[in-house]
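J.: Provided below: final-v1.cif, containing mmCIF, C-alpha atoms.
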data_run
loop_
_atom_site.label_atom_id
_atom_site.label_comp_id
_atom_site.auth_asym_id
_atom_site.auth_seq_id
_atom_site.Cartn_x
_atom_site.Cartn_y
_atom_site.Cartn_z
CA MET R 1 0.00 0.00 0.00
CA SER R 2 3.03 2.32 0.43
CA PHE R 3 1.72 4.34 3.33
CA THR R 4 4.43 6.25 5.18
CA SER R 5 6.60 3.88 7.20
CA GLY R 6 7.33 6.35 10.03
CA SER R 7 5.05 8.74 11.85
CA SER R 8 2.31 10.48 9.91
CA ARG R 9 3.29 13.82 8.37
CA TRP R 10 0.41 15.89 9.65
CA SER R 11 2.00 19.16 8.56
CA ASP R 12 1.83 17.91 4.97
CA VAL R 13 -1.77 16.77 5.47
CA TRP R 14 -2.72 20.25 6.72
CA LEU R 15 -0.91 21.95 3.82
CA ALA R 16 -2.67 19.72 1.28
CA ALA R 17 -6.00 20.31 2.99
CA ALA R 18 -5.50 24.09 3.04
CA ALA R 19 -4.59 24.12 -0.64
CA ARG R 20 -7.55 21.97 -1.55
CA GLY R 21 -9.95 24.06 0.51
CA THR R 22 -8.75 27.37 -0.90
CA SER R 23 -8.73 26.24 -4.52
CA SER R 24 -12.09 24.51 -4.04
CA CYS R 25 -13.55 27.79 -2.81
CA GLY R 26 -12.26 29.41 -5.97
CA ASP R 27 -13.72 26.66 -8.16
CA PHE R 28 -17.20 26.96 -6.69
CA LEU R 29 -16.97 30.74 -6.53
CA ALA R 30 -16.30 30.93 -10.27
CA VAL R 31 -18.96 28.40 -11.31
CA ALA R 32 -21.63 29.87 -9.01
CA ALA R 33 -20.83 33.43 -10.14
CA LEU R 34 -21.09 32.54 -13.82
CA THR R 35 -24.26 30.49 -13.23
CA LEU R 36 -25.94 33.37 -11.41
CA ALA R 37 -24.84 35.79 -14.13
CA LEU R 38 -26.41 33.58 -16.81
CA GLN R 39 -29.66 33.14 -14.90
CA SER R 40 -29.92 36.85 -14.06
CA ALA R 41 -29.34 37.74 -17.72
CA GLY R 42 -32.34 35.62 -18.71
CA ALA R 43 -30.44 32.61 -20.04
CA GLY R 44 -32.27 29.30 -20.01
CA GLY R 45 -31.41 25.83 -18.76
CA LEU R 46 -29.42 24.95 -21.89
CA ALA R 47 -27.03 27.85 -21.29
CA VAL R 48 -26.42 26.78 -17.68
CA SER R 49 -25.98 23.15 -18.69
CA GLY R 50 -23.50 24.24 -21.38
CA LEU R 51 -21.43 26.06 -18.78
CA LEU R 52 -21.42 23.03 -16.47
CA LEU R 53 -20.51 20.73 -19.35
CA ALA R 54 -17.53 22.95 -20.19
CA ALA R 55 -16.44 22.76 -16.54
CA THR R 56 -16.75 18.96 -16.51
CA LEU R 57 -15.72 17.62 -19.91
CA PRO R 58 -11.93 17.95 -19.37
CA LEU R 59 -12.14 15.92 -16.15
CA VAL R 60 -13.69 13.07 -18.15
CA ALA R 61 -11.85 13.30 -21.45
CA LEU R 62 -8.39 13.82 -19.96
CA ALA R 63 -8.60 11.28 -17.12
CA PRO R 64 -6.36 8.67 -18.80
CA ILE R 65 -3.68 11.34 -19.32
CA THR R 66 -3.94 13.22 -16.05
CA GLY R 67 -4.05 10.02 -14.02
CA ARG R 68 -0.79 8.85 -15.54
CA LEU R 69 0.73 12.31 -15.05
CA ALA R 70 -0.16 12.13 -11.36
CA ASP R 71 1.66 8.79 -11.07
CA ARG R 72 4.73 9.58 -13.21
CA VAL R 73 5.49 13.31 -12.86
CA ASP R 74 6.77 14.95 -9.68
CA SER R 75 3.75 16.07 -7.66
CA ARG R 76 5.49 19.36 -6.77
CA VAL R 77 5.96 20.25 -10.43
CA LEU R 78 2.34 19.46 -11.23
CA LEU R 79 0.86 21.47 -8.34
CA VAL R 80 3.02 24.54 -8.93
CA THR R 81 2.55 24.58 -12.70
CA ALA R 82 -1.20 23.92 -12.60
CA GLY R 83 -1.74 26.55 -9.90
CA LEU R 84 0.08 29.27 -11.87
CA VAL R 85 -1.72 28.43 -15.11
CA GLN R 86 -5.15 28.36 -13.45
CA ALA R 87 -4.52 31.73 -11.80
CA GLY R 88 -3.69 33.23 -15.20
CA ILE R 89 -6.81 31.70 -16.77
CA CYS R 90 -9.02 33.20 -14.05
CA VAL R 91 -7.59 36.68 -14.69
CA ALA R 92 -8.42 36.29 -18.38
CA LEU R 93 -11.88 34.97 -17.51
CA ALA R 94 -12.59 38.05 -15.38
CA TYR R 95 -12.20 40.29 -18.44
CA ALA R 96 -13.70 38.00 -21.07
CA ARG R 97 -17.03 39.02 -22.55
CA ASP R 98 -17.56 36.81 -25.57
CA PRO R 99 -19.66 33.76 -24.52
CA MET R 100 -17.59 31.32 -26.57
CA LEU R 101 -14.37 32.66 -25.05
CA VAL R 102 -15.85 32.30 -21.56
CA ILE R 103 -16.78 28.67 -22.23
CA ALA R 104 -13.30 27.96 -23.64
CA LEU R 105 -11.63 29.51 -20.59
CA VAL R 106 -13.90 27.55 -18.21
CA ALA R 107 -12.86 24.36 -19.99
CA ALA R 108 -9.19 25.34 -19.70
CA LEU R 109 -9.68 26.00 -15.98
CA ALA R 110 -11.20 22.55 -15.56
CA THR R 111 -8.19 21.03 -17.32
CA GLY R 112 -6.00 22.23 -14.46
CA LEU R 113 -8.46 20.73 -11.99
CA ALA R 114 -8.25 17.42 -13.85
CA VAL R 115 -4.52 17.43 -13.04
CA THR R 116 -4.56 18.59 -9.43
CA GLN R 117 -7.42 16.40 -8.18
CA PRO R 118 -5.69 13.00 -8.62
CA VAL R 119 -2.36 14.47 -7.48
CA ILE R 120 -3.70 15.57 -4.09
CA SER R 121 -5.94 12.51 -3.67
CA ALA R 122 -3.01 10.15 -4.27
CA LEU R 123 -0.65 12.16 -2.04
CA VAL R 124 -2.73 11.97 1.13
CA PRO R 125 -2.44 8.17 1.71
CA VAL R 126 1.35 8.45 1.32
CA MET R 127 1.53 11.09 4.04
CA VAL R 128 0.07 8.99 6.86
CA ARG R 129 0.16 5.60 8.53
CA PRO R 130 -2.68 3.19 7.67
CA GLU R 131 -4.48 3.74 10.97
CA ASP R 132 -4.48 7.51 10.40
CA LEU R 133 -5.94 7.36 6.88
CA PRO R 134 -9.64 7.83 7.84
CA ARG R 135 -8.79 10.95 9.84
CA ALA R 136 -6.49 12.35 7.15
CA GLY R 137 -9.05 11.64 4.45
CA ALA R 138 -11.81 13.30 6.47
CA LEU R 139 -9.62 16.36 7.07
CA ASN R 140 -8.83 16.64 3.37
CA GLN R 141 -12.47 16.24 2.40
CA THR R 142 -13.56 18.72 5.06
CA ALA R 143 -11.22 21.36 3.70
CA GLY R 144 -12.50 20.87 0.16
CA THR R 145 -16.07 20.91 1.38
CA LEU R 146 -15.61 24.08 3.43
CA GLY R 147 -14.22 25.70 0.30
CA ALA R 148 -17.25 24.52 -1.63
CA LEU R 149 -19.45 25.84 1.18
CA ALA R 150 -17.86 29.29 1.06
CA GLY R 151 -17.71 29.55 -2.74
CA PRO R 152 -21.45 29.75 -3.61
CA ALA R 153 -22.17 31.92 -0.56
CA LEU R 154 -19.44 34.38 -1.58
CA ALA R 155 -20.67 34.29 -5.16
CA GLY R 156 -24.20 35.15 -4.06
CA LEU R 157 -22.91 38.13 -2.06
CA LEU R 158 -20.31 39.38 -4.53
CA VAL R 159 -22.27 39.01 -7.76
CA GLY R 160 -25.12 41.04 -6.32
CA GLN R 161 -22.72 43.84 -5.30
CA PHE R 162 -19.95 43.82 -7.93
CA GLY R 163 -20.94 41.60 -10.84
CA THR R 164 -18.73 38.70 -11.96
CA ARG R 165 -15.32 40.36 -12.30
CA VAL R 166 -14.48 40.63 -8.59
CA PRO R 167 -15.36 36.99 -7.80
CA LEU R 168 -13.24 35.77 -10.70
CA LEU R 169 -10.24 37.86 -9.64
CA ILE R 170 -10.57 36.44 -6.12
CA ASP R 171 -10.66 33.00 -7.73
CA ALA R 172 -7.36 33.76 -9.48
CA VAL R 173 -5.71 34.49 -6.13
CA SER R 174 -7.10 31.28 -4.60
CA TYR R 175 -5.17 29.10 -7.06
CA LEU R 176 -1.88 30.44 -5.73
CA ALA R 177 -2.56 28.25 -2.68
CA LEU R 178 -1.71 25.26 -4.88
CA VAL R 179 1.64 26.85 -5.71
CA VAL R 180 2.47 27.47 -2.05
CA ALA R 181 1.43 23.95 -1.05
CA GLY R 182 3.42 22.40 -3.88
CA LEU R 183 6.56 24.18 -2.69
CA LEU R 184 6.10 23.43 1.03
CA ILE R 185 4.79 19.83 1.10
CA ARG R 186 7.64 17.43 1.81
CA THR R 187 5.81 14.28 0.70
CA ARG R 188 6.18 13.75 -3.04
CA ARG R 189 5.06 11.23 -5.64
CA GLY R 190 6.11 10.63 -9.22
CA GLY R 191 9.34 11.65 -10.88
CA ARG R 192 12.69 10.67 -9.43
CA GLY R 193 11.38 10.69 -5.87
CA THR R 194 9.59 7.39 -6.40
CA ALA R 195 12.03 5.63 -8.67
CA ALA R 196 12.31 2.65 -6.32
CA ALA R 197 8.54 2.37 -6.17
CA ASP R 198 8.37 2.52 -9.96
CA VAL R 199 10.83 -0.38 -10.25
CA ALA R 200 8.76 -2.43 -7.80
CA ALA R 201 5.58 -1.56 -9.64
CA ALA R 202 7.10 -2.59 -12.96
CA SER R 203 7.69 -6.11 -11.63
CA ALA R 204 4.12 -6.41 -10.34
CA PRO R 205 1.04 -7.10 -12.49
CA ALA R 206 -0.46 -3.92 -13.98
CA TRP R 207 -3.47 -2.64 -12.07
CA ARG R 208 -6.79 -2.67 -13.89
CA LEU R 209 -10.09 -1.54 -12.41
CA ARG R 210 -12.01 -4.37 -14.07
CA GLN R 211 -9.91 -6.92 -12.17
CA ASP R 212 -11.47 -5.86 -8.86
CA PRO R 213 -15.23 -6.62 -8.84
CA LEU R 214 -15.75 -4.69 -5.61
CA LEU R 215 -14.28 -1.50 -7.06
CA VAL R 216 -16.22 -2.03 -10.30
CA ALA R 217 -19.42 -2.20 -8.24
CA MET R 218 -18.46 0.90 -6.26
CA VAL R 219 -17.59 3.03 -9.30
CA GLY R 220 -20.63 1.80 -11.23
CA SER R 221 -23.08 2.46 -8.40
CA VAL R 222 -21.83 5.99 -7.69
CA ALA R 223 -21.78 6.89 -11.39
CA ALA R 224 -25.28 5.50 -11.93
CA VAL R 225 -26.77 7.47 -9.05
CA VAL R 226 -24.97 10.68 -10.05
CA GLY R 227 -26.24 10.24 -13.60
CA ALA R 228 -29.78 9.81 -12.30
CA VAL R 229 -29.70 12.82 -9.98
CA GLY R 230 -27.20 15.00 -11.86
CA ALA R 231 -29.85 17.16 -13.54
CA ILE R 232 -30.36 18.85 -10.16
CA ASN R 233 -27.14 20.79 -10.86
CA VAL R 234 -28.88 22.72 -13.62
CA ILE R 235 -32.37 22.78 -12.10
CA GLU R 236 -31.53 24.01 -8.59
CA VAL R 237 -30.71 27.62 -9.53
CA PHE R 238 -34.09 27.98 -11.31
CA PHE R 239 -35.92 26.16 -8.49
CA ILE R 240 -34.45 28.38 -5.76
CA ARG R 241 -34.39 31.68 -7.66
CA GLU R 242 -37.61 31.48 -9.68
CA THR R 243 -39.95 28.85 -8.21
CA LEU R 244 -39.18 29.78 -4.60
CA GLY R 245 -38.51 33.47 -5.39
CA SER R 246 -35.19 33.80 -3.56
CA SER R 247 -32.35 36.30 -3.99
CA THR R 248 -28.82 35.48 -5.13
CA THR R 249 -27.67 35.76 -1.51
CA VAL R 250 -30.27 33.26 -0.32
CA TYR R 251 -29.30 30.95 -3.19
CA GLY R 252 -25.68 30.97 -2.06
CA LEU R 253 -26.58 30.36 1.57
CA VAL R 254 -29.12 27.61 0.90
CA THR R 255 -26.86 25.66 -1.46
CA GLY R 256 -24.21 25.80 1.26
CA ALA R 257 -26.43 23.70 3.53
CA TRP R 258 -25.69 20.55 1.52
CA THR R 259 -21.99 21.31 1.63
CA LEU R 260 -22.06 21.84 5.39
CA GLY R 261 -23.71 18.44 5.67
CA VAL R 262 -20.83 16.91 3.69
CA VAL R 263 -18.39 18.23 6.32
CA VAL R 264 -20.41 16.73 9.16
CA GLY R 265 -20.80 13.45 7.28
CA ALA R 266 -17.08 13.20 6.57
CA TRP R 267 -16.11 13.30 10.25
CA LEU R 268 -19.04 11.23 11.45
CA PHE R 269 -18.45 8.40 9.00
CA ALA R 270 -14.67 8.51 9.30
CA ARG R 271 -15.27 7.10 12.77
CA VAL R 272 -17.83 4.61 11.48
CA ALA R 273 -15.37 3.36 8.85
CA ARG R 274 -13.05 2.07 11.56
CA ARG R 275 -15.81 -0.17 12.91
CA LEU R 276 -17.03 -1.72 9.65
CA ALA R 277 -15.94 -5.30 9.26
CA ASP R 278 -14.45 -5.20 5.77
CA ASP R 279 -14.44 -3.47 2.39
CA GLY R 280 -17.70 -5.17 1.44
CA ALA R 281 -19.42 -3.53 4.40
CA LEU R 282 -18.09 -0.17 3.23
CA LEU R 283 -19.56 -0.70 -0.23
CA GLY R 284 -22.97 -1.69 1.11
CA ALA R 285 -23.06 1.20 3.58
CA GLY R 286 -22.13 3.60 0.79
CA LEU R 287 -25.10 2.49 -1.29
CA VAL R 288 -27.44 3.07 1.65
CA LEU R 289 -26.06 6.59 2.04
CA LEU R 290 -26.59 7.27 -1.66
CA GLY R 291 -30.22 6.30 -1.16
CA GLY R 292 -30.45 8.83 1.66
CA CYS R 293 -29.10 11.55 -0.64
CA CYS R 294 -31.74 10.76 -3.26
CA LEU R 295 -34.47 10.79 -0.61
CA ALA R 296 -33.36 14.28 0.44
CA VAL R 297 -33.61 15.50 -3.15
CA LEU R 298 -37.10 14.03 -3.46
CA ALA R 299 -38.25 15.64 -0.19
CA SER R 300 -36.90 19.04 -1.23
CA ALA R 301 -39.45 19.21 -4.07
CA ALA R 302 -42.25 19.73 -1.54
CA VAL R 303 -40.93 22.82 0.26
CA PRO R 304 -42.86 26.11 -0.05
CA THR R 305 -39.87 28.32 0.81
CA ALA R 306 -36.14 28.11 0.18
CA TRP R 307 -35.24 28.20 3.87
CA LEU R 308 -36.95 24.84 4.44
CA LEU R 309 -34.40 23.35 2.06
CA VAL R 310 -31.68 23.95 4.65
CA PRO R 311 -32.43 21.04 7.05
CA ILE R 312 -33.30 18.68 4.18
CA TRP R 313 -30.15 19.40 2.24
CA LEU R 314 -28.09 19.32 5.41
CA LEU R 315 -29.16 15.69 5.96
CA GLY R 316 -28.56 14.87 2.31
CA GLY R 317 -25.07 16.31 2.59
CA VAL R 318 -24.32 14.13 5.61
CA GLY R 319 -24.99 11.05 3.52
CA ASN R 320 -22.95 12.51 0.67
CA GLY R 321 -19.97 13.11 2.95
CA GLY R 322 -20.11 9.59 4.37
CA ASP R 323 -20.24 8.04 0.92
CA ASN R 324 -17.22 10.13 -0.13
CA VAL R 325 -15.25 8.82 2.85
CA PHE R 326 -16.08 5.19 2.07
CA ASN R 327 -15.33 5.52 -1.66
CA ASN R 328 -11.95 7.16 -1.21
CA LEU R 329 -10.89 4.73 1.50
CA LEU R 330 -11.86 1.80 -0.73
CA LEU R 331 -9.65 3.17 -3.50
CA ALA R 332 -6.75 3.83 -1.13
CA HIS R 333 -6.99 0.28 0.29
CA ARG R 334 -7.38 -1.68 -2.90
CA VAL R 335 -5.15 0.11 -5.43
CA PRO R 336 -1.34 -0.22 -5.45
CA GLU R 337 0.35 3.07 -4.59
CA ALA R 338 2.03 3.39 -7.99
CA ALA R 339 -1.36 3.35 -9.75
CA ARG R 340 -3.34 5.38 -7.25
CA GLY R 341 -3.32 8.63 -9.22
CA ARG R 342 -4.74 6.83 -12.24
CA ALA R 343 -7.36 5.12 -10.06
CA PHE R 344 -8.62 8.40 -8.61
CA ALA R 345 -8.69 9.91 -12.11
CA VAL R 346 -10.68 6.95 -13.48
CA PHE R 347 -13.16 7.16 -10.63
CA GLY R 348 -13.51 10.91 -11.05
CA ALA R 349 -13.99 10.57 -14.80
CA ALA R 350 -16.73 7.96 -14.37
CA VAL R 351 -18.64 10.12 -11.90
CA GLN R 352 -18.13 13.36 -13.80
CA GLY R 353 -19.11 11.69 -17.05
CA ALA R 354 -22.34 10.51 -15.49
CA GLY R 355 -22.88 14.01 -14.14
CA MET R 356 -22.49 15.42 -17.66
CA ALA R 357 -25.42 13.33 -18.81
CA GLY R 358 -27.42 14.82 -15.96
CA TYR R 359 -26.41 18.36 -16.93
CA LEU R 360 -27.57 17.83 -20.49
CA ALA R 361 -30.82 16.24 -19.35
CA GLY R 362 -31.48 19.10 -16.94
CA GLY R 363 -31.02 21.73 -19.62
CA LEU R 364 -33.36 19.94 -22.02
CA LEU R 365 -36.02 19.16 -19.40
CA LEU R 366 -36.20 22.78 -18.26
CA GLU R 367 -37.34 23.69 -21.75
CA VAL R 368 -40.51 21.62 -21.35
CA ALA R 369 -41.24 21.39 -17.60
CA ASP R 370 -41.23 23.48 -14.42
CA PRO R 371 -38.39 23.11 -11.89
CA ARG R 372 -40.43 21.66 -8.99
CA PRO R 373 -41.63 18.46 -10.71
CA LEU R 374 -38.15 18.03 -12.17
CA VAL R 375 -36.60 18.12 -8.69
CA ALA R 376 -39.08 15.46 -7.56
CA GLY R 377 -38.29 13.40 -10.64
CA CYS R 378 -34.55 13.54 -9.95
CA GLY R 379 -35.04 12.20 -6.43
CA ALA R 380 -37.48 9.48 -7.51
CA VAL R 381 -35.26 8.25 -10.35
CA GLY R 382 -32.26 8.24 -8.02
CA LEU R 383 -34.10 6.04 -5.52
CA LEU R 384 -35.12 3.63 -8.28
CA VAL R 385 -31.51 3.36 -9.42
CA VAL R 386 -30.33 2.66 -5.85
CA ALA R 387 -32.95 -0.08 -5.53
CA ALA R 388 -31.86 -1.62 -8.83
CA LEU R 389 -28.20 -1.59 -7.70
CA ALA R 390 -28.86 -3.40 -4.44
CA GLY R 391 -28.69 -6.84 -6.07
CA PRO R 392 -25.40 -6.35 -7.99
CA VAL R 393 -23.75 -4.76 -4.96
CA ARG R 394 -24.86 -7.62 -2.70
CA ARG R 395 -23.44 -10.17 -5.16
CA ALA R 396 -20.12 -8.30 -5.36
CA VAL R 397 -19.85 -8.24 -1.57
CA ARG R 398 -20.60 -11.96 -1.30
CA ALA R 399 -18.01 -12.78 -3.96
CA GLU R 400 -15.42 -10.68 -2.12
CA ARG R 401 -16.06 -12.44 1.18
CA ARG R 402 -15.96 -15.87 -0.42
CA ALA R 403 -12.59 -15.00 -1.98
CA LEU R 404 -11.23 -13.87 1.39
CA THR R 405 -12.51 -17.04 3.05
CA ARG R 406 -10.77 -19.25 0.48
CA ALA R 407 -7.47 -17.32 0.57
CA PRO R 408 -7.37 -15.14 3.68
CA SER R 409 -3.65 -14.41 3.36
CA SER R 410 -3.85 -13.09 -0.22
CA PRO R 411 -5.10 -9.66 -1.29
CA PRO R 412 -8.13 -9.54 -3.59
CA ALA R 413 -7.56 -9.12 -7.31
CA GLY R 414 -6.30 -5.63 -8.07
CA ARG R 415 -5.65 -4.82 -4.43
CA GLY R 416 -2.35 -3.43 -3.33
CA GLY R 417 -0.33 -5.71 -1.07
CA GLY R 418 1.53 -4.74 2.03
CA GLY R 419 0.72 -4.46 5.67
CA GLY R 420 -2.00 -2.37 7.11
CA ASP R 421 -4.31 -2.12 4.12
CA THR R 422 -7.44 -3.21 5.94
CA VAL R 423 -7.92 -0.32 8.33
CA GLY R 424 -11.60 -0.12 7.53
CA SER R 425 -12.39 0.79 4.17
CA TRP R 426 -11.68 9.43 0.90
CA PRO R 427 -11.84 14.40 -5.17
CA THR R 428 -13.15 15.75 -5.09
CA ALA R 429 -15.34 17.35 -5.26
CA SER R 430 -14.03 15.88 -6.08
CA PRO R 431 -14.76 16.70 -6.79
CA ALA R 432 -15.16 14.01 -5.60
CA PRO R 433 -16.21 14.02 -5.98
CA GLY R 434 -19.65 14.54 -4.27
CA LEU R 435 -23.13 13.26 -5.19
CA GLY R 436 -23.42 15.51 -8.18
CA THR R 437 -25.21 18.62 -7.01
CA SER R 438 -23.35 21.86 -7.43
CA SER R 439 -23.40 22.34 -3.69
CA SER R 440 -21.53 19.09 -3.10
#
Transcribe the structure of this file into structure tokens.
T.:
Amino acid sequence: MSFTSGSSRWSDVWLAAAARGTSSCGDFLAVAALTLALQSAGAGGLAVSGLLLAATLPLVALAPITGRLADRVDSRVLLVTAGLVQAGICVALAYARDPMLVIALVAALATGLAVTQPVISALVPVMVRPEDLPRAGALNQTAGTLGALAGPALAGLLVGQFGTRVPLLIDAVSYLALVVAGLLIRTRRGGRGTAAADVAAASAPAWRLRQDPLLVAMVGSVAAVVGAVGAINVIEVFFIRETLGSSTTVYGLVTGAWTLGVVVGAWLFARVARRLADDGALLGAGLVLLGGCCLAVLASAAVPTAWLLVPIWLLGGVGNGGDNVFNNLLLAHRVPEAARGRAFAVFGAAVQGAGMAGYLAGGLLLEVADPRPLVAGCGAVGLLVVAALAGPVRRAVRAERRALTRAPSSPPAGRGGGGGDTVGSWPTASPAPGLGTSSS
């Protein structure tokens, strides 16, 4: 598993978390500001979905490249370079006026995110001992989630007062946190720093996701649910602003409720992860939490005022945060260290790709239906998908446990060997990656 062999480097964990939180705030600040600007200018659902697609497509299309970069190129070089380039793109975006240029710059900004997400996700397990991984993962996710919590709220306040330029310039400054973290973090992956690990990895069988049925079930279930519920990303701004008649400030604050729930869920379920019997239990618990997220979306369709969304989305976010913890721990446990960047990129691409289908569906559906029934439909379809996945997930868990019973001393197919890789079973949003609402 290639966790650190000495004491955990908590200073590095805190630096990575601070960088992720700051840049995440900038990410959500930019997307929320541009979304509000489009909606306020009278743009329809297709325009909003187009913006979200531009912000997502690079994470999907470039995953095979960025995952390998994260594993083979010095992590310091990647973080510093990507941070500087993203800061420059944000400055250009602040002064861009042509819609096509804005979309192109948003896509370029997402390209940098496609690089930094797997780099940071793969670095965290190397910084700590196996028993400290749940705590380190929860800290990293909390930082990213707090950034996502602050981003939409700041966008709601700043867009109403200053328009989009000020939020985008603040976003440019936020990416410099990646540069600072890249220079200060002592833990490094890729490049010459892991030459010995690369030699060991070359003598081991190549990792493939399809060789691990448990990870296949995990990635498939999360992607399926995100695809089913993903239209909420496009619909929510129209639901909150138009159907419920709320201001941009209220929109930013209400969407932050889900994100706050993700923070609570991350720490709550980091403790639960230590008590679950095995990786199969993590997978099953994650599916239950996904069902809870879908139920929250369904319930939110009935509210008469935006403020009643706060407790509902808070609970949905708790489930989202717990599922993120379980998913990322499963990947950290079952993927060899040398391939971990690629694994996180593949997982992120699968989820983001499913989310893209939801974005497109949301934009098209808003042309023919009102937001409230569409919100209810997203939740109902998500619950149906979770119910349909229960059987395949149960079979994958049973197969995993039978394999462990037959050969208890051998790691499952595709799982990294080494001591301490069964501590229980976190990008991002990724990136997550979260459930697939813009507030997660």
J.: Which residues, written as a ChimeraX atom specification, have at least one atom at most 12 Å from Ala273 in chain R, with all atoms listed in the file counted and residues fewer than 4 positions away on the same chain left out?
T.: /R:131-135,137-138,265-269,277-286,322-330,422-426
J.: Around the point (-36.1, 22.6, -7.6) in the file's coordinates, collect all residues with an atom within 10 Å, using all atoms listed in the file, and return them as JSON, numbers by chain.
T.: {"R": [232, 233, 234, 235, 236, 237, 238, 239, 240, 241, 242, 243, 244, 297, 298, 300, 301, 302, 303, 306, 309, 370, 371, 372, 373, 374, 375, 376, 377, 378]}
J.: Rank R:Leu331, R:Ala104, R:Val73, R:Leu36 by their smallest atom-to-atom distance to Val216 in chain R, using only C-alpha atoms, and report the top residue only.
T.: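 Between R:Leu331, R:Ala104, R:Val73, R:Leu36, the residue approaching Val216 in chain R most closely is R:Leu331.
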J.: Which residues fall under the PyMOL selection byres ((chain R and resi 248-263) around 7) in this file, as JSON, numbers by chain?
T.: {"R": [142, 145, 148, 149, 152, 153, 155, 156, 157, 160, 240, 241, 246, 247, 264, 265, 266, 267, 307, 309, 310, 313, 314, 315, 316, 317, 318, 320, 321, 439, 440]}
J.: CA of Val225 in chain R and CA of Asp212 in chain R, how far apart in Å?
T.: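 About the pair CA of Asp212 in chain R and CA of Val225 in chain R: they are 20.3 Å apart.
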